[in-house]
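Trainee: Just so it is clear, I am handing over run02.csv, which has CSV, C-alpha atoms.
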chain,number,residue,atom,x,y,z
H,611,MET,CA,-11.5,1.1,-39.9
H,612,ALA,CA,-9.8,3.3,-37.3
H,613,LYS,CA,-7.4,5.9,-38.6
H,614,GLU,CA,-3.8,5.2,-37.8
H,615,PHE,CA,-2.0,7.3,-35.2
H,616,HIS,CA,1.7,7.7,-35.5
H,617,ASN,CA,2.8,8.5,-32.0
H,618,LEU,CA,1.7,8.9,-28.5
H,619,GLN,CA,1.6,12.7,-28.6
H,620,GLU,CA,-0.7,12.7,-31.6
H,621,LEU,CA,-3.0,10.2,-29.9
H,622,ARG,CA,-3.3,12.4,-26.8
H,623,HIS,CA,-4.1,15.6,-28.7
H,624,ASN,CA,-6.3,14.5,-31.6
H,625,ALA,CA,-8.2,11.5,-30.3
H,626,SER,CA,-11.3,11.1,-28.3
H,627,LEU,CA,-12.0,8.2,-26.0
H,628,VAL,CA,-14.4,5.7,-27.3
H,629,THR,CA,-14.4,3.0,-24.6
H,630,LYS,CA,-12.1,1.3,-22.1
H,631,VAL,CA,-11.5,-2.4,-22.0
H,632,PHE,CA,-10.4,-4.1,-18.8
H,633,VAL,CA,-8.2,-7.2,-18.5
H,634,GLN,CA,-9.0,-8.7,-15.1
H,635,ARG,CA,-6.7,-10.5,-12.7
H,636,ASP,CA,-6.1,-14.2,-13.0
H,637,TYR,CA,-6.3,-15.9,-9.6
H,638,THR,CA,-6.1,-19.5,-10.7
H,639,GLU,CA,-2.5,-19.8,-9.4
H,640,GLY,CA,-3.1,-18.1,-6.1
H,641,THR,CA,-3.0,-14.4,-5.1
H,642,VAL,CA,0.2,-13.7,-7.0
H,643,CYS,CA,-0.2,-10.7,-9.4
H,644,ARG,CA,-1.2,-12.2,-12.8
H,645,PHE,CA,-3.4,-10.9,-15.5
H,646,GLN,CA,-5.7,-13.0,-17.7
H,647,ALA,CA,-4.2,-13.8,-21.1
H,648,LYS,CA,-7.8,-14.0,-22.5
H,649,PHE,CA,-8.2,-11.7,-25.5
H,650,PRO,CA,-11.1,-9.2,-25.0
H,651,SER,CA,-13.6,-9.4,-27.9
H,652,GLU,CA,-13.9,-5.6,-28.2
H,653,LEU,CA,-10.3,-5.4,-29.5
H,654,ASP,CA,-10.9,-8.0,-32.3
H,655,ASN,CA,-10.5,-5.6,-35.2
H,656,ARG,CA,-8.0,-3.3,-33.5
H,657,ILE,CA,-5.0,-5.3,-32.6
H,658,GLU,CA,-3.6,-8.8,-33.3
H,659,ARG,CA,-4.2,-11.3,-30.6
H,660,THR,CA,-0.6,-12.4,-30.4
H,661,LEU,CA,0.7,-8.8,-29.7
H,662,LEU,CA,-1.6,-8.3,-26.7
H,663,GLU,CA,-1.0,-11.8,-25.3
H,664,GLU,CA,2.7,-11.2,-25.6
H,665,THR,CA,2.4,-8.0,-23.6
H,666,VAL,CA,0.3,-9.6,-20.9
H,667,LYS,CA,2.7,-12.6,-20.7
H,668,THR,CA,5.7,-10.3,-20.3
H,669,LEU,CA,3.9,-8.2,-17.7
H,670,ASN,CA,3.1,-11.4,-15.8
H,671,SER,CA,6.7,-12.5,-15.9
H,672,TYR,CA,7.8,-9.1,-14.6
H,673,TYR,CA,5.4,-9.4,-11.6
H,674,VAL,CA,6.6,-12.8,-10.8
H,675,GLU,CA,10.2,-11.4,-10.8
H,676,ALA,CA,9.1,-8.6,-8.5
H,677,GLU,CA,7.4,-10.8,-6.0
H,678,LYS,CA,10.0,-13.5,-6.0
H,679,ILE,CA,11.2,-14.4,-2.5
H,680,GLY,CA,14.8,-15.4,-2.7
H,681,GLY,CA,18.3,-14.6,-1.4
H,682,GLN,CA,18.2,-10.9,-2.4
H,683,SER,CA,14.8,-10.1,-1.0
H,684,TYR,CA,15.7,-11.9,2.3
H,685,LEU,CA,18.9,-9.9,2.7
H,686,GLU,CA,17.2,-6.7,1.8
H,687,GLY,CA,14.5,-7.4,4.5
H,688,CYS,CA,17.1,-8.2,7.2
H,689,LEU,CA,19.2,-5.2,6.4
H,690,ALA,CA,16.1,-2.9,6.5
H,691,CYS,CA,14.9,-4.4,9.8
H,692,ALA,CA,18.3,-3.9,11.4
H,693,THR,CA,18.4,-0.3,10.4
H,694,ALA,CA,14.8,0.4,11.5
H,695,TYR,CA,13.9,0.8,7.8
H,696,ILE,CA,15.9,4.0,7.5
H,697,VAL,CA,17.9,2.4,4.7
H,698,PHE,CA,14.8,2.8,2.5
H,699,LEU,CA,15.4,6.5,2.4
H,700,CYS,CA,18.6,5.9,0.3
H,701,MET,CA,17.8,2.6,-1.4
H,702,GLU,CA,15.0,1.3,-3.5
H,703,THR,CA,13.5,-2.1,-2.8
H,704,ARG,CA,13.7,-4.8,-5.5
H,705,TYR,CA,9.9,-4.5,-5.9
H,706,GLU,CA,10.1,-0.8,-6.6
H,707,LYS,CA,12.9,-1.3,-9.1
H,708,VAL,CA,10.9,-3.9,-11.0
H,709,LEU,CA,7.8,-1.6,-10.9
H,710,LYS,CA,9.9,1.1,-12.6
H,711,LYS,CA,11.0,-1.4,-15.2
H,712,ILE,CA,7.3,-2.3,-15.8
H,713,SER,CA,6.4,1.3,-16.2
H,714,GLY,CA,9.2,1.8,-18.8
H,715,TYR,CA,8.1,-1.4,-20.6
H,716,ILE,CA,4.4,-0.2,-20.8
H,717,HIS,CA,5.5,3.2,-22.1
H,718,GLU,CA,7.6,1.5,-24.7
H,719,GLN,CA,4.8,-0.8,-25.8
H,720,ASN,CA,2.5,2.2,-26.0
H,721,GLU,CA,4.9,4.1,-28.2
H,722,LYS,CA,5.6,1.1,-30.5
H,723,ILE,CA,2.5,-1.0,-30.7
H,724,TYR,CA,-0.6,0.5,-29.1
H,725,ALA,CA,-0.5,4.2,-30.0
H,726,PRO,CA,-0.3,3.5,-33.8
H,727,ARG,CA,-3.5,1.4,-33.4
H,728,GLY,CA,-5.3,4.0,-31.3
H,729,LEU,CA,-5.0,2.2,-28.0
H,730,LEU,CA,-3.4,3.1,-24.7
H,731,LEU,CA,-2.3,0.8,-21.9
H,732,THR,CA,-2.5,2.1,-18.3
H,733,ASP,CA,-0.1,0.8,-15.8
H,734,PRO,CA,-2.0,-1.6,-13.4
H,735,VAL,CA,-0.2,0.2,-10.5
H,736,GLU,CA,-2.4,3.2,-11.2
H,737,ARG,CA,-5.6,1.1,-10.7
H,738,GLY,CA,-4.4,-0.8,-7.6
H,739,MET,CA,-3.2,-3.9,-9.5
H,740,ARG,CA,-6.8,-4.8,-10.1
H,741,VAL,CA,-7.1,-4.4,-13.8
H,742,LEU,CA,-5.1,-3.7,-16.9
H,743,GLU,CA,-6.9,-0.8,-18.5
H,744,ILE,CA,-6.8,-0.4,-22.3
H,745,SER,CA,-8.3,2.8,-23.6
H,746,VAL,CA,-9.7,2.7,-27.1
H,747,PHE,CA,-9.4,6.0,-29.1
H,748,GLU,CA,-11.0,7.2,-32.2
H,749,ASP,CA,-9.7,10.1,-34.4
H,750,ARG,CA,-11.7,13.2,-33.5
H,751,GLY,CA,-11.5,14.9,-36.9
H,752,SER,CA,-9.6,14.8,-40.2
H,753,GLY,CA,-7.3,17.7,-39.2
H,754,SER,CA,-4.5,15.6,-37.7
H,755,SER,CA,-1.8,16.9,-40.0
H,756,SER,CA,1.2,16.0,-37.7
H,757,PRO,CA,4.2,14.7,-39.5
H,758,SER,CA,4.6,11.0,-39.2
H,759,SER,CA,7.5,9.9,-37.1
H,760,SER,CA,9.8,7.1,-37.9
H,761,MET,CA,7.9,4.8,-35.6
H,762,SER,CA,5.0,4.7,-37.9
H,763,SER,CA,6.9,2.3,-40.2
H,764,ALA,CA,6.9,-0.4,-37.5
H,765,GLY,CA,3.1,0.0,-37.0
H,766,SER,CA,2.1,0.3,-40.6
H,767,SER,CA,4.2,-2.7,-41.7
H,768,ALA,CA,2.4,-5.0,-39.3
H,769,ARG,CA,-0.9,-4.3,-41.2
B,257,MET,CA,-1.0,38.5,-26.0
B,258,SER,CA,-2.1,35.8,-23.6
B,259,ALA,CA,-0.3,35.3,-20.3
B,260,VAL,CA,1.3,31.9,-19.9
B,261,MET,CA,-0.1,30.2,-16.9
B,262,ILE,CA,1.9,27.4,-15.3
B,263,THR,CA,-0.8,25.2,-13.8
B,264,ARG,CA,0.2,23.3,-10.8
B,265,LYS,CA,-0.2,19.6,-11.3
B,266,VAL,CA,-2.8,18.1,-8.9
B,267,ARG,CA,-1.3,15.3,-6.9
B,268,LYS,CA,-3.0,12.0,-6.4
B,269,TRP,CA,-3.3,12.4,-2.7
B,270,GLU,CA,-5.2,15.6,-3.1
B,271,LYS,CA,-7.8,13.8,-5.2
B,272,LEU,CA,-8.2,10.8,-2.9
B,273,PRO,CA,-11.9,10.6,-1.9
B,274,GLY,CA,-11.3,8.8,1.5
B,275,LYS,CA,-11.2,10.4,5.0
B,276,ASN,CA,-7.5,10.6,5.3
B,277,THR,CA,-5.3,13.5,6.4
B,278,PHE,CA,-2.1,14.1,4.6
B,279,CYS,CA,1.0,16.1,5.6
B,280,CYS,CA,4.5,16.9,4.3
B,281,ASP,CA,3.4,17.1,0.7
B,282,GLY,CA,1.7,13.7,0.7
B,283,ARG,CA,4.5,11.9,2.5
B,284,VAL,CA,2.5,11.4,5.6
B,285,MET,CA,-0.9,9.6,5.5
B,286,MET,CA,-3.1,9.1,8.5
B,287,ALA,CA,-6.7,8.7,9.6
B,288,ARG,CA,-8.7,11.7,10.6
B,289,GLN,CA,-8.8,11.0,14.4
B,290,LYS,CA,-5.3,11.3,15.7
B,291,GLY,CA,-6.0,11.8,19.4
B,292,VAL,CA,-5.3,8.3,20.5
B,293,PHE,CA,-2.1,8.3,18.5
B,294,TYR,CA,-0.8,11.3,20.4
B,295,LEU,CA,-1.7,9.5,23.6
B,296,THR,CA,0.4,6.4,22.5
B,297,LEU,CA,3.3,8.6,21.7
B,298,PHE,CA,3.0,10.5,25.0
B,299,LEU,CA,2.8,7.2,27.0
B,300,ILE,CA,5.9,5.6,25.3
B,301,VAL,CA,8.0,8.8,25.4
B,302,GLY,CA,6.9,9.7,28.9
B,303,THR,CA,7.5,6.4,30.6
B,304,CYS,CA,10.8,5.9,28.8
B,305,SER,CA,12.1,9.3,29.8
B,306,LEU,CA,11.2,8.5,33.4
B,307,PHE,CA,13.2,5.3,33.1
B,308,PHE,CA,16.2,7.2,31.5
B,309,ALA,CA,16.0,10.0,34.1
B,310,PHE,CA,15.7,8.0,37.3
B,311,GLU,CA,16.8,4.4,36.8
B,312,CYS,CA,19.5,4.6,34.2
B,313,PRO,CA,22.1,6.7,36.1
B,314,TYR,CA,22.0,4.2,39.0
B,315,LEU,CA,22.1,1.1,36.7
B,316,ALA,CA,24.8,2.5,34.4
B,317,VAL,CA,27.1,3.0,37.4
B,318,HIS,CA,26.3,0.0,39.5
B,319,LEU,CA,25.5,-2.6,36.8
B,320,SER,CA,26.8,-1.8,33.3
B,321,PRO,CA,26.6,1.2,30.9
B,322,SER,CA,25.3,-1.1,28.2
B,323,VAL,CA,21.9,-1.3,30.0
B,324,PRO,CA,20.8,2.2,29.1
B,325,VAL,CA,22.5,2.1,25.7
B,326,PHE,CA,20.5,-0.9,24.7
B,327,ALA,CA,17.3,0.7,26.1
B,328,ILE,CA,18.0,3.8,24.0
B,329,VAL,CA,18.5,1.8,20.8
B,330,LEU,CA,15.3,-0.2,21.5
B,331,PHE,CA,13.4,3.0,22.3
B,332,PHE,CA,14.4,4.6,19.0
B,333,PHE,CA,13.5,1.5,17.1
B,334,VAL,CA,10.0,1.5,18.7
B,335,ILE,CA,9.4,5.1,17.9
B,336,ALA,CA,10.7,4.6,14.3
B,337,MET,CA,8.3,1.6,13.8
B,338,LEU,CA,5.4,3.5,15.4
B,339,LEU,CA,5.9,6.5,13.1
B,340,ARG,CA,6.4,4.3,10.1
B,341,THR,CA,3.2,2.4,10.8
B,342,SER,CA,1.2,5.6,11.4
B,343,PHE,CA,2.5,7.6,8.5
B,344,SER,CA,2.5,5.0,5.7
B,345,ASP,CA,-0.2,4.0,3.3
B,346,PRO,CA,-1.8,0.7,4.4
B,347,GLY,CA,-2.5,-0.4,0.9
B,348,VAL,CA,-5.5,1.7,-0.1
B,349,LEU,CA,-7.1,0.5,-3.3
B,350,PRO,CA,-8.0,3.4,-5.7
B,351,ARG,CA,-11.7,3.7,-6.4
B,352,ALA,CA,-13.0,2.7,-9.8
B,353,LEU,CA,-13.1,5.6,-12.3
B,354,PRO,CA,-16.5,6.2,-13.9
B,355,GLU,CA,-15.8,4.1,-17.0
B,356,GLU,CA,-14.7,1.1,-15.0
B,357,ALA,CA,-17.7,1.5,-12.6
B,358,THR,CA,-20.1,1.4,-15.6
B,359,PHE,CA,-18.3,-1.6,-17.1
B,360,ILE,CA,-18.7,-3.5,-13.8
B,361,GLU,CA,-22.4,-2.5,-13.5
B,362,MET,CA,-23.0,-3.8,-17.0
B,363,GLU,CA,-21.3,-7.0,-16.1
B,364,ILE,CA,-23.4,-7.4,-13.0
B,365,GLU,CA,-26.6,-6.7,-14.8
B,366,ALA,CA,-25.7,-9.2,-17.5
B,367,ALA,CA,-25.0,-11.8,-14.8
B,368,ASN,CA,-28.2,-11.2,-12.8
B,369,GLY,CA,-30.5,-11.0,-15.8
B,370,ASN,CA,-33.9,-9.4,-15.4
B,371,VAL,CA,-35.1,-9.0,-11.9
B,372,PRO,CA,-38.9,-8.8,-11.6
B,373,ALA,CA,-40.1,-5.5,-10.1
B,374,GLY,CA,-40.6,-5.5,-6.4
B,375,GLN,CA,-37.9,-8.2,-5.8
B,376,ARG,CA,-34.5,-7.3,-4.3
B,377,PRO,CA,-31.7,-8.0,-6.7
B,378,PRO,CA,-29.3,-10.7,-5.6
B,379,PRO,CA,-26.1,-9.6,-3.8
B,380,ARG,CA,-23.3,-8.6,-6.0
B,381,ILE,CA,-20.7,-11.4,-5.8
B,382,ARG,CA,-18.1,-12.5,-8.3
B,383,ASN,CA,-16.8,-16.1,-8.0
B,384,VAL,CA,-13.2,-16.6,-8.8
B,385,GLN,CA,-11.2,-19.8,-8.6
B,386,ILE,CA,-8.0,-19.6,-6.6
B,387,ASN,CA,-5.9,-22.8,-6.6
B,388,ASN,CA,-9.0,-24.9,-7.3
B,389,GLN,CA,-11.1,-23.3,-4.6
B,390,ILE,CA,-14.0,-21.0,-5.3
B,391,VAL,CA,-13.7,-17.7,-3.5
B,392,LYS,CA,-16.5,-15.1,-3.5
B,393,LEU,CA,-15.4,-11.6,-4.1
B,394,LYS,CA,-17.7,-9.0,-2.6
B,395,TYR,CA,-18.7,-5.8,-4.3
B,396,CYS,CA,-17.9,-2.5,-2.5
B,397,TYR,CA,-20.7,0.0,-3.1
B,398,THR,CA,-18.6,3.0,-2.0
B,399,CYS,CA,-15.5,2.2,-4.1
B,400,LYS,CA,-17.5,0.5,-6.9
B,401,ILE,CA,-15.1,-2.4,-7.2
B,402,PHE,CA,-15.1,-6.1,-6.6
B,403,ARG,CA,-12.7,-6.3,-3.7
B,404,PRO,CA,-9.7,-8.5,-4.3
B,405,PRO,CA,-9.3,-11.5,-1.9
B,406,ARG,CA,-8.5,-10.4,1.6
B,407,ALA,CA,-9.3,-6.8,0.9
B,408,SER,CA,-11.9,-5.0,3.1
B,409,HIS,CA,-13.5,-1.6,3.4
B,410,CYS,CA,-12.5,0.5,6.4
B,411,SER,CA,-15.5,2.6,7.4
B,412,ILE,CA,-13.4,5.0,9.5
B,413,CYS,CA,-11.1,5.9,6.7
B,414,ASP,CA,-13.7,5.2,4.0
B,415,ASN,CA,-11.2,3.3,1.8
B,416,CYS,CA,-10.9,-0.3,0.6
B,417,VAL,CA,-7.6,-1.6,1.9
B,418,ASP,CA,-5.7,-4.5,0.5
B,419,ARG,CA,-5.2,-7.4,3.0
B,420,PHE,CA,-7.0,-5.3,5.6
B,421,ASP,CA,-6.2,-6.4,9.2
B,422,HIS,CA,-7.9,-3.7,11.3
B,423,HIS,CA,-8.1,0.0,12.0
B,424,CYS,CA,-5.8,0.7,14.9
B,425,PRO,CA,-6.7,3.9,16.8
B,426,TRP,CA,-3.5,3.6,18.9
B,427,VAL,CA,-1.5,4.0,15.7
B,428,GLY,CA,-4.0,6.3,14.1
B,429,ASN,CA,-4.1,4.4,10.8
B,430,CYS,CA,-5.4,1.2,9.2
B,431,VAL,CA,-3.2,-1.8,9.3
B,432,GLY,CA,-3.1,-3.5,5.8
B,433,LYS,CA,-0.8,-5.0,3.3
B,434,ARG,CA,1.7,-2.2,3.0
B,435,ASN,CA,2.3,-1.4,6.6
B,436,TYR,CA,1.7,-4.8,8.3
B,437,ARG,CA,5.4,-5.5,8.8
B,438,TYR,CA,6.0,-2.1,10.5
B,439,PHE,CA,3.0,-2.7,12.8
B,440,TYR,CA,4.2,-6.2,13.7
B,441,MET,CA,7.7,-4.9,14.4
B,442,PHE,CA,6.2,-2.1,16.5
B,443,THR,CA,4.2,-4.4,18.7
B,444,LEU,CA,7.0,-6.9,19.0
B,445,SER,CA,9.7,-4.3,19.9
B,446,LEU,CA,7.3,-2.5,22.2
B,447,SER,CA,6.7,-5.7,24.1
B,448,LEU,CA,10.4,-6.2,24.3
B,449,LEU,CA,10.9,-2.7,25.6
B,450,THR,CA,8.2,-3.2,28.2
B,451,ILE,CA,9.7,-6.4,29.5
B,452,TYR,CA,13.2,-4.9,29.4
B,453,ILE,CA,12.3,-1.8,31.4
B,454,PHE,CA,10.1,-3.8,33.8
B,455,THR,CA,13.0,-6.2,34.5
B,456,PHE,CA,15.5,-3.5,35.1
B,457,ASP,CA,13.0,-1.6,37.3
B,458,ILE,CA,12.8,-4.7,39.5
B,459,VAL,CA,16.6,-5.1,39.4
B,460,HIS,CA,17.0,-1.5,40.4
B,461,VAL,CA,14.6,-1.7,43.3
B,462,VAL,CA,16.2,-4.9,44.5
B,463,MET,CA,19.7,-3.5,44.3
B,464,ARG,CA,18.7,-0.4,46.2
B,465,SER,CA,16.8,-2.4,48.8
B,466,VAL,CA,19.8,-4.5,49.5
B,467,ASP,CA,21.7,-1.3,50.2
B,468,LYS,CA,19.1,0.7,52.1
B,469,GLY,CA,16.0,-1.4,52.9
B,470,PHE,CA,12.8,-1.7,50.9
B,471,LEU,CA,10.7,1.2,52.3
B,472,ASN,CA,13.4,3.7,51.9
B,473,THR,CA,13.9,2.6,48.3
B,474,LEU,CA,10.3,3.2,47.5
B,475,LYS,CA,10.5,6.7,48.9
B,476,GLU,CA,13.6,7.4,46.8
B,477,THR,CA,12.4,6.1,43.5
B,478,PRO,CA,9.2,7.8,42.4
B,479,GLY,CA,10.0,7.0,38.8
B,480,THR,CA,9.1,3.3,39.2
B,481,TYR,CA,5.4,4.0,40.0
B,482,PRO,CA,4.2,4.5,36.4
B,483,PHE,CA,5.7,1.2,35.4
B,484,ARG,CA,3.3,-0.7,37.7
B,485,LEU,CA,0.6,0.3,35.2
B,486,TRP,CA,2.6,-0.2,32.0
B,487,PRO,CA,2.0,-4.0,31.4
B,488,GLN,CA,-1.7,-3.4,31.4
B,489,LYS,CA,-1.3,-0.8,28.7
B,490,GLN,CA,0.7,-3.2,26.6
B,491,LEU,CA,-1.9,-5.9,26.9
B,492,LEU,CA,-4.5,-3.4,25.5
B,493,CYS,CA,-2.4,-2.7,22.5
B,494,GLY,CA,-1.5,-6.3,21.7
Let's see the structure in the file written out as structure tokens.
Mentor:
Amino acid sequence: MAKEFHNLQELRHNASLVTKVFVQRDYTEGTVCRFQAKFPSELDNRIERTLLEETVKTLNSYYVEAEKIGGQSYLEGCLACATAYIVFLCMETRYEKVLKKISGYIHEQNEKIYAPRGLLLTDPVERGMRVLEISVFEDRGSGSSSPSSSMSSAGSSAR
Amino acid sequence: MSAVMITRKVRKWEKLPGKNTFCCDGRVMMARQKGVFYLTLFLIVGTCSLFFAFECPYLAVHLSPSVPVFAIVLFFFVIAMLLRTSFSDPGVLPRALPEEATFIEMEIEAANGNVPAGQRPPPRIRNVQINNQIVKLKYCYTCKIFRPPRASHCSICDNCVDRFDHHCPWVGNCVGKRNYRYFYMFTLSLSLLTIYIFTFDIVHVVMRSVDKGFLNTLKETPGTYPFRLWPQKQLLCG
């Protein structure tokens, strides 16, 4: 049984990488950015299925929101074209805003759910939106004497 | 007592294995050969400045001042689009890190099974279903990934580019997903600019001929000669 990690910092300093699991893209509904909700078998004894599926579902919904073509994106495009795209020096596009939200969400998920279980999610943007990379860590030695943070209660109560 | 060293963080563009050149701290990303891009810039700026120098004073006075104003606006738009296309990332896909490359290799070997010695292994293809159609994803040996649909590898820049259209030497960069709209606006606005300048060239020559006769006009307007060649150049680019 893998030893529990209490926060992200402890994970980074004390753990060694065992393997990486990759969640592939789901193309069944077209080329829209979507990840497969299929649970990888390597993580069977590491994390509950529902937690990972929930994360992937939320990520998929964020990507749908980012790529949505509606009134706001149309106006943004027209304004940008009219100003020869100089307005992008001052303003962030809707897509970039949602990507920032996704990055924050993944960090929060890592802190709350994945780091206590010795896992780490990598933002798909870093891998060119091809895969959702999940790094699996194992405790390097028994000398991890960092004080447990308050977040550990959330992770340990789930077990 | 050990000295505290502040290590400089290595930026992603510094580690990119492709054949791109970067400027301005990674804000500018271009292909290695930039000669034709400088030629494009020279042609556009050169011919437009001839128009502004020789034709515009006459047209502003005898026709309307809005003629050169609109030409200037269009000219800046064309240059902005050209620079935006040339300097932006076309949508380069990051290469697979070693762990991912190994994972994919293992997957391929599992799919192919045991290949008898002496026989060539089957091509590396992954079938995915997109909207009830089977699409084959090809494996890229350089980037060690299965290319997403509509991605392709540019041999000049040595990168896999998402929704790869072509590598444009005139622009000095690949044209892909992330800079397609700038490239399209560039070609569109450049065509408009060409037609605009060509039209007003003719208007200018006609107006002068009415005053002074055709042969005298040709002697007085050396600036119009380059424009005879311009439409051919536009056809090349489009």
Trainee: Between H:Ser626, H:Gln646, H:Thr693, H:Thr668, which has the minimum distance to chain B (counting all atoms listed in the file)?
Mentor: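 Counting all atoms listed in the file, the residue closest to chain B is H:Thr693.
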Trainee: How many Å lie between atom CA of Leu449 of chain B and atom CA of Ala327 of chain B, rounded to one decimal?
Mentor: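 We find that atom CA of Leu449 of chain B and atom CA of Ala327 of chain B lie 7.3 Å from each other.
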Trainee: Could you give me, as a PyMOL selection string, the residues within 10 Å of Phe308 of chain B, counting only C-alpha atoms and dropping anything in the same chain fewer than 6 positions from it?
Mentor: chain B and resi 302+314-315+324-325+327-328+453+479
Trainee: Any idea what the distance is between atom CA of Phe343 of chain B and atom CA of Met285 of chain B?
Mentor: 5.0 Å
Trainee: Record the distance separating atom CA of Cys312 of chain B and atom CA of Val466 of chain B, expressed in Å with one decimal.
Mentor: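 Taking atom CA of Cys312 of chain B and atom CA of Val466 of chain B, their separation equals 17.8 Å.
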Trainee: Check the smallest atom-to-atom distance from each of H:Phe747, H:Phe698, H:Tyr637, H:Phe649 to chain B using all atoms listed in the file, then report the winner.
Mentor: H:Tyr637
Trainee: Write out as an MDAnalysis selection string which residues come within 10 Å of Lys648 of chain H when counting all atoms listed in the file, dropping same-chain ones fewer than 6 positions away.
Mentor: chainID H and resid 633:634 636 659 662:663 666
Trainee: For chain B against chain H, with a cut-off of 6 Å and counting only C-alpha atoms, what is the closest atom pair and its distance in Å to one decimal for every residue that makes the cut, ordered by chain and number, as CSV?
Mentor:
residue,atom,partner,partner_atom,distance
B:Phe333,CA,H:Ala694,CA,5.9
B:Leu349,CA,H:Gly738,CA,5.2
B:Pro350,CA,H:Gly738,CA,5.8
B:Gln385,CA,H:Thr638,CA,5.5
B:Ile386,CA,H:Thr638,CA,4.5
B:Asn387,CA,H:Thr638,CA,5.3
Trainee: Find, counting only C-alpha atoms, the residue in B:Ser445, B:Arg437, B:Pro404, B:Thr277 that gets nearest to Phe332 of chain B.
Mentor: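 Among the listed residues, B:Ser445 lies closest to Phe332 of chain B.
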Trainee: Choose the residue, out of B:Thr455, B:Ser465, B:Asn472, B:Asn383, that has the smallest atom-to-atom separation from Val323 of chain B; count only C-alpha atoms.
Mentor: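 Using only C-alpha atoms, Val323 of chain B sits closest to B:Thr455.
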Trainee: Give me the residues within 9 Å of segment 456-459 of chain B as a list in words, counting all atoms listed in the file and dropping any in the same chain fewer than 4 places off.
Mentor: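 What passes the distance filter is Phe307, Glu311, Leu315, Val323, Ile451, Tyr452, Met463, Arg464, Thr480 and Phe483 of chain B.
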Trainee: Find the residue from B:Met337, B:Arg351, B:Trp426, B:Ile412 that sits nearest to Cys396 of chain B; use only C-alpha atoms when measuring.
Mentor: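 Looking at the shortest contact to Cys396 of chain B, the residue is B:Arg351.
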Trainee: Which one is closest to Tyr705 of chain H: H:His717, H:Lys722, H:Arg644, H:Lys678? Count only C-alpha atoms.
Mentor: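 Going through H:His717, H:Lys722, H:Arg644, H:Lys678 one by one, the smallest distance to Tyr705 of chain H is for H:Lys678.
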Trainee: Name all residues at most 12 Å from Glu658 of chain H (count all atoms listed in the file; drop same-chain ones fewer than 2 positions away) and give them as number ranges by chain.
Mentor: H: 649-656, 660-665, 723-724, 727, 765, 768-769
